[in-house]
$ cat structure_29.txt   # compact mmCIF, C-alpha atoms and all ligand atoms
# COMPACT_ATOMS: atom_id res chain seq x y z
CA MET A 1 67.18 21.49 -31.63
CA ALA A 2 67.80 23.37 -34.84
CA PRO A 3 64.71 25.50 -35.31
CA GLN A 4 65.40 26.13 -38.95
CA ARG A 5 64.85 22.51 -39.73
CA ASP A 6 61.44 22.67 -38.11
CA TRP A 7 60.49 25.42 -40.49
CA TYR A 8 60.02 22.80 -43.17
CA THR A 9 57.89 20.50 -41.12
CA THR A 10 55.95 22.72 -38.76
CA ASP A 11 53.09 25.03 -39.61
CA TYR A 12 53.55 27.79 -37.07
CA TYR A 13 50.46 29.57 -38.29
CA LYS A 14 48.44 26.49 -37.52
CA THR A 15 50.09 26.24 -34.11
CA LEU A 16 48.91 29.74 -33.28
CA GLY A 17 45.55 29.20 -35.00
CA VAL A 18 45.90 32.16 -37.36
CA SER A 19 45.95 32.54 -41.13
CA ASP A 20 49.23 33.19 -42.88
CA LYS A 21 47.92 36.65 -43.69
CA ALA A 22 47.58 37.53 -40.02
CA THR A 23 48.84 40.93 -38.95
CA GLU A 24 51.47 41.37 -36.26
CA LYS A 25 48.77 42.44 -33.88
CA GLU A 26 46.63 39.38 -34.58
CA LEU A 27 49.63 37.14 -34.08
CA ARG A 28 50.48 38.74 -30.78
CA ARG A 29 46.92 38.43 -29.57
CA ALA A 30 46.71 34.77 -30.58
CA TYR A 31 50.06 34.05 -28.93
CA ARG A 32 49.15 35.72 -25.65
CA LYS A 33 45.86 33.92 -25.45
CA LEU A 34 47.42 30.50 -26.08
CA ALA A 35 50.44 31.14 -23.87
CA LYS A 36 48.10 31.92 -21.02
CA GLU A 37 45.92 28.92 -21.75
CA PHE A 38 48.82 26.46 -21.84
CA HIS A 39 51.26 27.97 -19.38
CA PRO A 40 52.82 24.96 -17.62
CA ASP A 41 52.89 26.74 -14.24
CA SER A 42 49.13 26.82 -14.12
CA HIS A 43 48.44 23.82 -16.38
CA PRO A 44 50.76 20.93 -15.58
CA GLY A 45 51.28 18.60 -18.49
CA SER A 46 50.98 21.31 -21.10
CA GLU A 47 54.75 21.85 -21.40
CA GLU A 48 54.94 20.40 -24.89
CA ARG A 49 52.12 22.52 -26.22
CA PHE A 50 53.52 25.62 -24.53
CA LYS A 51 56.89 24.97 -26.14
CA GLU A 52 55.30 24.65 -29.57
CA ILE A 53 53.44 27.89 -29.07
CA SER A 54 56.59 29.71 -27.91
CA ALA A 55 58.58 28.30 -30.81
CA ALA A 56 55.92 29.43 -33.26
CA TYR A 57 55.83 32.94 -31.88
CA ASP A 58 59.62 33.11 -31.71
CA VAL A 59 59.54 32.94 -35.47
CA LEU A 60 56.29 34.61 -36.48
CA GLY A 61 56.58 37.36 -33.87
CA ASP A 62 59.74 38.65 -35.50
CA PRO A 63 58.99 40.24 -38.91
CA GLU A 64 62.48 39.39 -40.22
CA LYS A 65 62.24 35.76 -39.18
CA ARG A 66 58.69 35.52 -40.37
CA LYS A 67 59.72 36.68 -43.85
CA GLU A 68 62.38 34.02 -44.01
CA TYR A 69 59.99 31.41 -42.69
CA ASP A 70 57.43 32.33 -45.34
CA GLU A 71 60.11 31.95 -47.99
CA VAL A 72 61.14 28.56 -46.68
CA ARG A 73 57.52 27.46 -46.75
CA ARG A 74 57.12 28.65 -50.30
CA LEU A 75 59.97 26.35 -51.19
CA GLY A 76 57.85 23.41 -50.24
CA PRO A 77 58.28 20.38 -48.05
CA LEU A 78 61.56 18.93 -46.92
CA SER A 79 61.77 16.57 -49.86
CA GLY A 80 62.27 19.61 -52.04
CA LEU A 81 65.83 19.58 -50.79
CA GLY A 82 66.46 16.10 -52.10
CA GLY A 83 68.24 17.45 -55.10
CA PHE A 84 70.64 19.54 -53.14
CA GLY A 85 73.57 20.41 -55.36
CA GLY A 86 71.69 19.27 -58.42
CA SER A 87 68.51 20.23 -60.11
CA GLY A 88 65.61 21.37 -58.00
CA GLY A 89 67.99 22.48 -55.30
CA PRO A 90 67.39 25.52 -53.16
CA GLY A 91 69.44 27.62 -55.52
CA GLN A 92 66.52 27.58 -57.91
CA GLY A 93 63.96 28.44 -55.29
CA GLY A 94 64.46 32.07 -56.00
CA PHE A 95 64.82 33.09 -52.38
CA ASN A 96 67.79 34.83 -50.91
CA PHE A 97 69.09 33.85 -47.53
CA ARG A 98 72.03 35.46 -45.95
CA ILE A 99 74.93 33.05 -45.95
CA ASP A 100 74.83 32.30 -42.23
CA ASP A 101 71.15 31.48 -42.41
CA LEU A 102 71.82 29.04 -45.16
CA SER A 103 74.59 27.32 -43.26
CA ASP A 104 72.31 27.23 -40.24
CA ILE A 105 69.74 25.36 -42.24
CA PHE A 106 72.13 22.88 -43.69
CA GLY A 107 74.11 22.57 -40.51
CA GLY A 108 70.85 21.76 -38.85
CA LEU A 109 69.72 19.33 -41.48
CA PHE A 110 72.89 17.39 -41.78
CA GLY A 111 73.72 17.69 -38.14
CA ARG A 112 70.41 16.07 -37.33
CA GLY A 113 70.97 13.22 -39.69
CA SER A 114 74.18 12.10 -38.11
CA ARG A 115 73.10 13.07 -34.69
CA ALA A 116 70.63 10.37 -33.81
CA GLY A 117 73.29 8.12 -32.30
CA SER A 118 74.92 10.83 -30.29
CA ARG A 119 71.80 12.10 -28.56
CA SER A 120 73.25 11.22 -25.18
CA ALA A 121 76.54 12.98 -25.82
CA PRO A 122 77.93 14.54 -22.64
CA GLY A 123 76.13 17.70 -21.67
CA SER A 124 73.76 17.63 -24.60
CA GLY A 125 70.15 16.67 -24.78
CA PRO A 126 67.34 17.14 -22.27
CA ARG A 127 68.18 17.26 -18.60
CA ARG A 128 65.72 16.55 -15.82
CA GLY A 129 65.22 19.27 -13.20
CA ARG A 130 66.16 18.65 -9.58
CA ASP A 131 63.72 17.34 -6.99
CA LEU A 132 62.63 19.94 -4.48
CA GLU A 133 61.13 19.82 -1.01
CA ALA A 134 58.52 22.04 0.54
CA GLU A 135 56.97 22.04 4.01
CA LEU A 136 53.25 22.15 4.54
CA HIS A 137 51.47 22.77 7.84
CA LEU A 138 47.98 21.38 8.22
CA SER A 139 45.41 21.48 10.96
CA PHE A 140 44.40 18.14 12.45
CA GLN A 141 41.06 18.31 10.67
CA GLU A 142 42.61 19.16 7.28
CA ALA A 143 44.88 16.13 7.60
CA VAL A 144 41.87 13.95 8.38
CA ASP A 145 39.67 15.34 5.60
CA GLY A 146 42.34 15.86 2.97
CA ALA A 147 42.70 19.21 1.26
CA ILE A 148 43.59 20.96 -1.93
CA THR A 149 46.04 23.64 -1.03
CA THR A 150 48.97 25.56 -2.45
CA VAL A 151 52.58 25.53 -1.34
CA ASN A 152 55.13 28.20 -2.12
CA VAL A 153 58.22 26.92 -3.85
CA THR A 154 61.22 29.09 -4.64
CA SER A 155 63.44 27.63 -7.29
CA GLY A 156 64.89 28.17 -10.66
CA ALA A 157 61.77 28.47 -12.78
CA ARG A 158 61.33 28.81 -16.49
CA CYS A 159 62.18 32.41 -17.32
CA SER A 160 58.97 34.34 -17.81
CA THR A 161 60.50 36.67 -20.38
CA CYS A 162 61.79 34.07 -22.84
CA GLY A 163 59.68 31.07 -21.83
CA GLY A 164 62.86 29.16 -20.95
CA SER A 165 64.50 29.32 -24.37
CA GLY A 166 67.25 31.64 -23.15
CA SER A 167 66.92 33.71 -26.33
CA ARG A 168 65.66 37.26 -26.45
CA PRO A 169 61.96 37.02 -27.35
CA GLY A 170 61.58 37.15 -31.12
CA THR A 171 64.99 35.58 -31.73
CA VAL A 172 65.94 31.93 -32.03
CA PRO A 173 69.14 30.09 -31.26
CA VAL A 174 71.31 29.11 -34.22
CA VAL A 175 73.04 25.84 -34.86
CA CYS A 176 76.50 25.87 -33.34
CA GLN A 177 79.03 26.37 -36.14
CA ARG A 178 81.87 24.73 -34.33
CA CYS A 179 80.20 21.34 -33.81
CA ASN A 180 77.61 21.59 -36.58
CA GLY A 181 74.87 20.98 -34.08
CA LEU A 182 76.34 17.73 -32.79
CA GLY A 183 77.13 19.09 -29.36
CA VAL A 184 80.40 17.16 -29.38
CA LEU A 185 83.75 17.58 -31.06
CA ASN A 186 85.42 14.51 -32.47
CA ASP A 187 89.14 14.61 -32.32
CA ASN A 188 90.79 11.96 -34.44
CA GLN A 189 94.28 11.22 -33.18
CA GLY A 190 95.65 8.34 -35.10
CA MET A 191 93.95 5.25 -33.79
CA PHE A 192 91.95 7.08 -31.19
CA SER A 193 88.85 9.09 -31.70
CA LEU A 194 88.08 11.28 -28.74
CA SER A 195 84.85 13.17 -28.40
CA SER A 196 84.34 15.96 -25.95
CA PRO A 197 81.45 18.36 -25.36
CA CYS A 198 81.60 21.35 -27.64
CA PRO A 199 82.94 24.30 -25.61
CA ASP A 200 81.15 26.85 -27.78
CA CYS A 201 77.65 25.58 -27.08
CA GLN A 202 78.26 23.54 -23.90
CA GLY A 203 77.08 20.47 -25.74
CA ARG A 204 73.63 21.84 -26.64
CA GLY A 205 74.29 21.93 -30.35
CA THR A 206 72.75 25.38 -30.61
CA ARG A 207 74.04 28.77 -29.64
CA ILE A 208 72.05 31.66 -28.33
CA VAL A 209 72.81 34.67 -30.47
CA ASP A 210 70.84 37.26 -28.60
CA ALA A 211 70.54 36.33 -24.93
CA CYS A 212 67.33 37.01 -23.06
CA PRO A 213 67.88 40.17 -21.01
CA SER A 214 66.10 38.75 -17.94
CA CYS A 215 67.96 35.48 -17.48
CA GLY A 216 71.13 36.14 -19.43
CA GLY A 217 70.49 33.07 -21.57
CA SER A 218 70.10 30.46 -18.84
CA GLY A 219 66.35 30.18 -19.43
CA LEU A 220 65.84 30.11 -15.66
CA GLU A 221 64.99 32.69 -13.06
CA GLN A 222 64.68 32.42 -9.28
CA ARG A 223 61.02 32.74 -8.68
CA GLN A 224 58.48 31.93 -6.04
CA ARG A 225 55.81 29.73 -7.49
CA GLN A 226 52.61 28.49 -6.01
CA VAL A 227 52.10 24.80 -6.61
CA LYS A 228 48.68 23.35 -6.12
CA VAL A 229 48.83 20.16 -4.07
CA ARG A 230 46.13 17.62 -3.44
CA ILE A 231 46.53 16.24 0.07
CA PRO A 232 44.89 12.84 0.42
CA ALA A 233 42.59 12.28 3.39
CA GLY A 234 44.28 10.73 6.41
CA VAL A 235 47.84 12.03 5.97
CA GLU A 236 50.12 11.94 8.98
CA SER A 237 52.84 14.23 10.24
CA GLY A 238 56.15 13.52 8.57
CA GLN A 239 54.60 12.00 5.47
CA ARG A 240 56.07 13.06 2.12
CA ILE A 241 53.73 13.66 -0.77
CA ARG A 242 55.20 13.50 -4.25
CA VAL A 243 53.97 15.98 -6.82
CA LYS A 244 55.31 14.70 -10.08
CA GLY A 245 57.10 17.14 -12.36
CA ARG A 246 56.58 20.22 -10.19
CA GLY A 247 60.14 20.47 -8.87
CA GLU A 248 62.79 22.42 -10.69
CA PRO A 249 62.06 22.69 -14.41
CA GLY A 250 64.22 20.60 -16.72
CA ALA A 251 66.75 22.02 -19.14
CA ASN A 252 66.83 21.60 -22.93
CA GLY A 253 63.27 20.33 -22.93
CA GLY A 254 63.89 17.75 -20.18
CA PRO A 255 61.16 16.92 -17.68
CA GLY A 256 60.79 18.81 -14.43
CA GLY A 257 61.97 17.24 -11.18
CA ASP A 258 59.48 16.17 -8.57
CA LEU A 259 58.27 18.21 -5.66
CA TYR A 260 58.12 16.48 -2.28
CA VAL A 261 55.73 18.09 0.16
CA ILE A 262 56.54 17.26 3.79
CA VAL A 263 53.42 17.36 5.89
CA HIS A 264 53.27 18.70 9.45
CA VAL A 265 50.00 18.15 11.26
CA ALA A 266 49.05 20.31 14.23
CA PRO A 267 47.94 18.40 17.36
CA HIS A 268 44.26 18.24 18.26
CA PRO A 269 43.20 19.46 21.71
CA LEU A 270 41.35 16.18 22.41
CA PHE A 271 42.31 13.50 19.95
CA GLY A 272 45.56 11.76 19.26
CA ARG A 273 46.47 9.48 16.35
CA LYS A 274 47.93 6.05 15.88
CA GLY A 275 47.89 5.46 12.16
CA ARG A 276 44.24 5.29 11.18
CA SER A 277 43.12 5.02 14.80
CA LEU A 278 41.97 8.02 16.68
CA THR A 279 42.86 8.01 20.38
CA LEU A 280 41.00 9.71 23.21
CA THR A 281 41.32 9.66 27.01
CA VAL A 282 38.02 9.89 28.90
CA PRO A 283 37.65 10.35 32.65
CA ILE A 284 35.03 8.13 34.35
CA THR A 285 33.92 8.08 37.98
CA PHE A 286 34.65 5.25 40.42
CA PRO A 287 30.97 4.17 40.44
CA GLU A 288 30.89 4.18 36.61
CA ALA A 289 34.02 2.02 36.56
CA THR A 290 32.66 -0.32 39.21
CA LEU A 291 29.02 -0.55 38.19
CA GLY A 292 29.41 -0.03 34.45
CA ALA A 293 27.81 2.83 32.49
CA ALA A 294 26.87 4.08 29.06
CA ILE A 295 28.90 7.24 28.55
CA THR A 296 28.86 9.77 25.70
CA VAL A 297 32.22 10.52 24.11
CA PRO A 298 33.15 12.84 21.24
CA SER A 299 34.33 11.58 17.89
CA LEU A 300 35.35 13.49 14.74
CA ASN A 301 31.87 13.05 13.34
CA GLY A 302 29.69 13.70 16.35
CA PRO A 303 29.19 12.14 19.79
CA VAL A 304 29.01 8.36 20.21
CA THR A 305 27.83 6.20 23.11
CA LEU A 306 30.36 3.87 24.70
CA LYS A 307 29.33 1.09 27.09
CA VAL A 308 31.79 0.81 29.93
CA PRO A 309 31.33 -2.65 31.47
CA PRO A 310 31.15 -3.20 35.25
CA GLY A 311 34.59 -3.70 36.78
CA THR A 312 36.45 -1.45 34.36
CA ARG A 313 40.04 -0.77 35.39
CA GLN A 314 42.13 2.36 35.09
CA ASN A 315 43.71 2.82 31.61
CA GLN A 316 41.58 0.13 30.04
CA THR A 317 41.03 0.87 26.33
CA PHE A 318 37.81 0.34 24.42
CA ARG A 319 37.37 0.28 20.70
CA VAL A 320 34.56 2.11 18.91
CA LYS A 321 34.62 0.55 15.45
CA GLY A 322 34.76 2.73 12.34
CA ARG A 323 35.05 6.06 14.17
CA GLY A 324 38.71 6.60 13.32
CA ILE A 325 40.39 8.13 10.30
CA THR A 326 39.61 7.16 6.74
CA SER A 327 42.61 6.78 4.52
CA GLY A 328 42.33 5.12 1.18
CA SER A 329 39.55 2.56 1.33
CA SER A 330 39.73 1.71 5.02
CA THR A 331 38.65 3.47 8.18
CA GLY A 332 40.26 3.10 11.57
CA ASP A 333 38.64 2.92 15.00
CA LEU A 334 38.26 5.29 17.92
CA LEU A 335 40.32 3.99 20.86
CA VAL A 336 38.95 5.28 24.16
CA THR A 337 41.18 4.95 27.20
CA VAL A 338 39.46 5.49 30.55
CA ASP A 339 40.91 7.48 33.41
CA VAL A 340 39.18 6.55 36.65
CA VAL A 341 38.79 9.69 38.70
CA VAL A 342 39.38 9.30 42.41
CA PRO A 343 37.72 12.07 44.44
CA ALA A 344 40.29 14.16 46.30
CA GLU A 345 37.90 15.16 49.05
CA LEU A 346 34.87 13.39 50.50
CA THR A 347 31.93 14.63 52.51
CA ASP A 348 31.12 12.77 55.74
CA ASP A 349 28.32 10.85 54.02
CA GLN A 350 30.60 9.85 51.17
CA ARG A 351 33.33 8.73 53.56
CA LYS A 352 30.81 6.56 55.45
CA ALA A 353 29.60 5.01 52.19
CA VAL A 354 33.16 4.12 51.07
CA GLU A 355 33.97 2.75 54.54
CA ALA A 356 30.84 0.59 54.37
CA LEU A 357 32.03 -0.71 51.00
CA ALA A 358 35.53 -1.40 52.36
CA LYS A 359 34.09 -3.56 55.17
CA THR A 360 32.51 -5.87 52.59
CA LEU A 361 35.72 -6.36 50.57
CA HIS A 362 37.68 -9.40 51.73
CA GLY A 363 41.25 -10.32 51.03
CA SER A 364 44.09 -8.12 49.82
CA PRO A 365 44.92 -7.25 46.18
CA ARG A 366 48.62 -7.47 47.21
CA GLU A 367 48.54 -11.07 48.39
CA HIS A 368 50.72 -12.25 45.49
CA LEU A 369 53.56 -9.96 46.58
CA GLY A 370 54.14 -12.23 49.60
CA VAL A 371 54.60 -9.49 52.16
ZN ZN B 401 64.94 34.47 -20.21
ZN ZN B 402 78.80 23.36 -30.48

$ encode --input "structure_29.txt" --output "structure tokens" --more "lines below"
Ligand SMILES: [Zn+2]
Ligand SMILES: [Zn+2]
Amino acid sequence: MAPQRDWYTTDYYKTLGVSDKATEKELRRAYRKLAKEFHPDSHPGSEERFKEISAAYDVLGDPEKRKEYDEVRRLGPLSGLGGFGGSGGPGQGGFNFRIDDLSDIFGGLFGRGSRAGSRSAPGSGPRRGRDLEAELHLSFQEAVDGAITTVNVTSGARCSTCGGSGSRPGTVPVVCQRCNGLGVLNDNQGMFSLSSPCPDCQGRGTRIVDACPSCGGSGLEQRQRQVKVRIPAGVESGQRIRVKGRGEPGANGGPGGDLYVIVHVAPHPLFGRKGRSLTLTVPITFPEATLGAAITVPSLNGPVTLKVPPGTRQNQTFRVKGRGITSGSSTGDLLVTVDVVVPAELTDDQRKAVEALAKTLHGSPREHLGV
């Protein structure tokens, strides 16, 4: 982007919400307040606004640039340039640019005009940031309830000194002289026309004159960021949650990549999980299994009563409806598997009672084995 062209169309004072008589101090205060309010790291989705604010302060924050900007504004709207080379041209505006500034403006203007079709030239234009992955460890209960939490992500982040522009704060990039802002060089060789990315500007169309001291002009710095993540209720271990746009920031105004949060859920001391179902193993006594019983078992939201029917076998599973895990609009069940406890030792009385029972049982449960 050629910033000088924007000077004609953008009211930077309005962007910063100050009058055009504002002092340097007032400008700085307004900029800091807005930059904080719209910083994309803490306010996702505000990238555009943040960029506008940074661009405005890039110009107005530098007294030299501001003076030139004021002069450009005095000249009037873009249409004032319609008579370029004739009457009403900038030569009569009574302002004095240095020669390079002037060529920047016109390079930008004319470059833009012919540029529309070559937006996707190699290496130029916005580039999306990479997708990133982060691990998140949750307790069993957090996974069941859902949570809003933060994950630490280390990646190339927008440089905090220059806001990602790559230019020293207070300076702006200029239109590349070699390619006139096109980002590509066209090489006409007889019948062939070859275009290649401009080596001077790496296809960006603009050149950084005064590189940001923190990032050396890349606009990125390695930084640990905290990304707020909303974990939906009912997530399971191994699930990946996509946080749109919070991966690596894009380049040249491109969108950020996505952040994928990989969830690890700690086991629960009692409960297991099968999708939305909660599983639980409950010991019952031999009389309870034989005679049937109403037993109290825990669930995630308080104890529930389970009726074990007479003649319950080992490892039989019973379903308590709606006492599982809620995910989305549906809730799973609690699956209770019984473990019939056989006493390891018996008193004399108990032995006699079991022997009396045995005498009444006829036939063998192994008859079908044929031995
Ligand atoms: Zn920087
Ligand atoms: Zn170039």

$ residues_near_point --input "structure_29.txt" --point "(52.6, 22.4, 5.7)" --cutoff "6 Å" --atoms "only C-alpha atoms" --output "list in words"
Glu135, Leu136, His137, Leu138, Val263 and His264 of chain A

$ residues_near_ligand --input "structure_29.txt" --ligand "ligand ZN 401 (chain B)" --cutoff "6 Å" --atoms "all atoms listed in the file" --output "JSON, numbers by chain"
{"A": [159, 161, 162, 164, 166, 212, 214, 215, 217, 219]}

$ closest_residue --input "structure_29.txt" --among "A:Gly275, A:Gly311, A:Pro44, A:Gly163" --to "A:Ala251" --atoms "all atoms listed in the file"
A:Gly163

$ residues_near_ligand --input "structure_29.txt" --ligand "ligand ZN 402 (chain B)" --cutoff "9 Å" --atoms "all atoms listed in the file" --output "ChimeraX atom specification"
/A:175-185,197-207

$ closest_residue --input "structure_29.txt" --among "A:Val235, A:Leu306, A:Leu278, A:Ala211" --to "A:Leu334" --atoms "only C-alpha atoms"
A:Leu278

$ atom_distance --input "structure_29.txt" --atom1 "atom CA of A:Gly363" --atom2 "atom CA of A:Val341"
23.6 Å

$ atom_distance --input "structure_29.txt" --atom1 "atom CA of A:Leu34" --atom2 "atom CA of A:Arg158"
17.0 Å

$ closest_residue --input "structure_29.txt" --among "A:Ala147, A:Val172, A:Ile53, A:Val336" --to "A:Val229" --atoms "all atoms listed in the file"
A:Ala147

$ closest_residue --input "structure_29.txt" --among "A:Glu133, A:Asp58, A:Glu68, A:Glu248" --to "A:Leu27" --atoms "only C-alpha atoms"
A:Asp58

$ atom_distance --input "structure_29.txt" --atom1 "atom CA of A:Phe50" --atom2 "atom CA of A:Leu220"
15.8 Å

$ closest_residue --input "structure_29.txt" --among "A:Pro309, A:Asp70, A:His39, A:Gly324" --to "A:Asp20" --atoms "only C-alpha atoms"
A:Asp70

$ closest_residue --input "structure_29.txt" --among "A:Ser237, A:Ser299, A:Ser218, A:Asn315" --to "A:Lys274" --atoms "all atoms listed in the file"
A:Ser237

$ residues_around --input "structure_29.txt" --residues "A:Ile325" --least-positions-apart "3" --cutoff "9 Å" --atoms "all atoms listed in the file" --output "PyMOL selection string"
chain A and resi 144-145+233-234+273+275-278+300+322+330-334

$ residues_around --input "structure_29.txt" --residues "A:Leu335" --least-positions-apart "2" --cutoff "6 Å" --atoms "all atoms listed in the file" --output "list in words"
Thr279, Phe318 and Arg319 of chain A
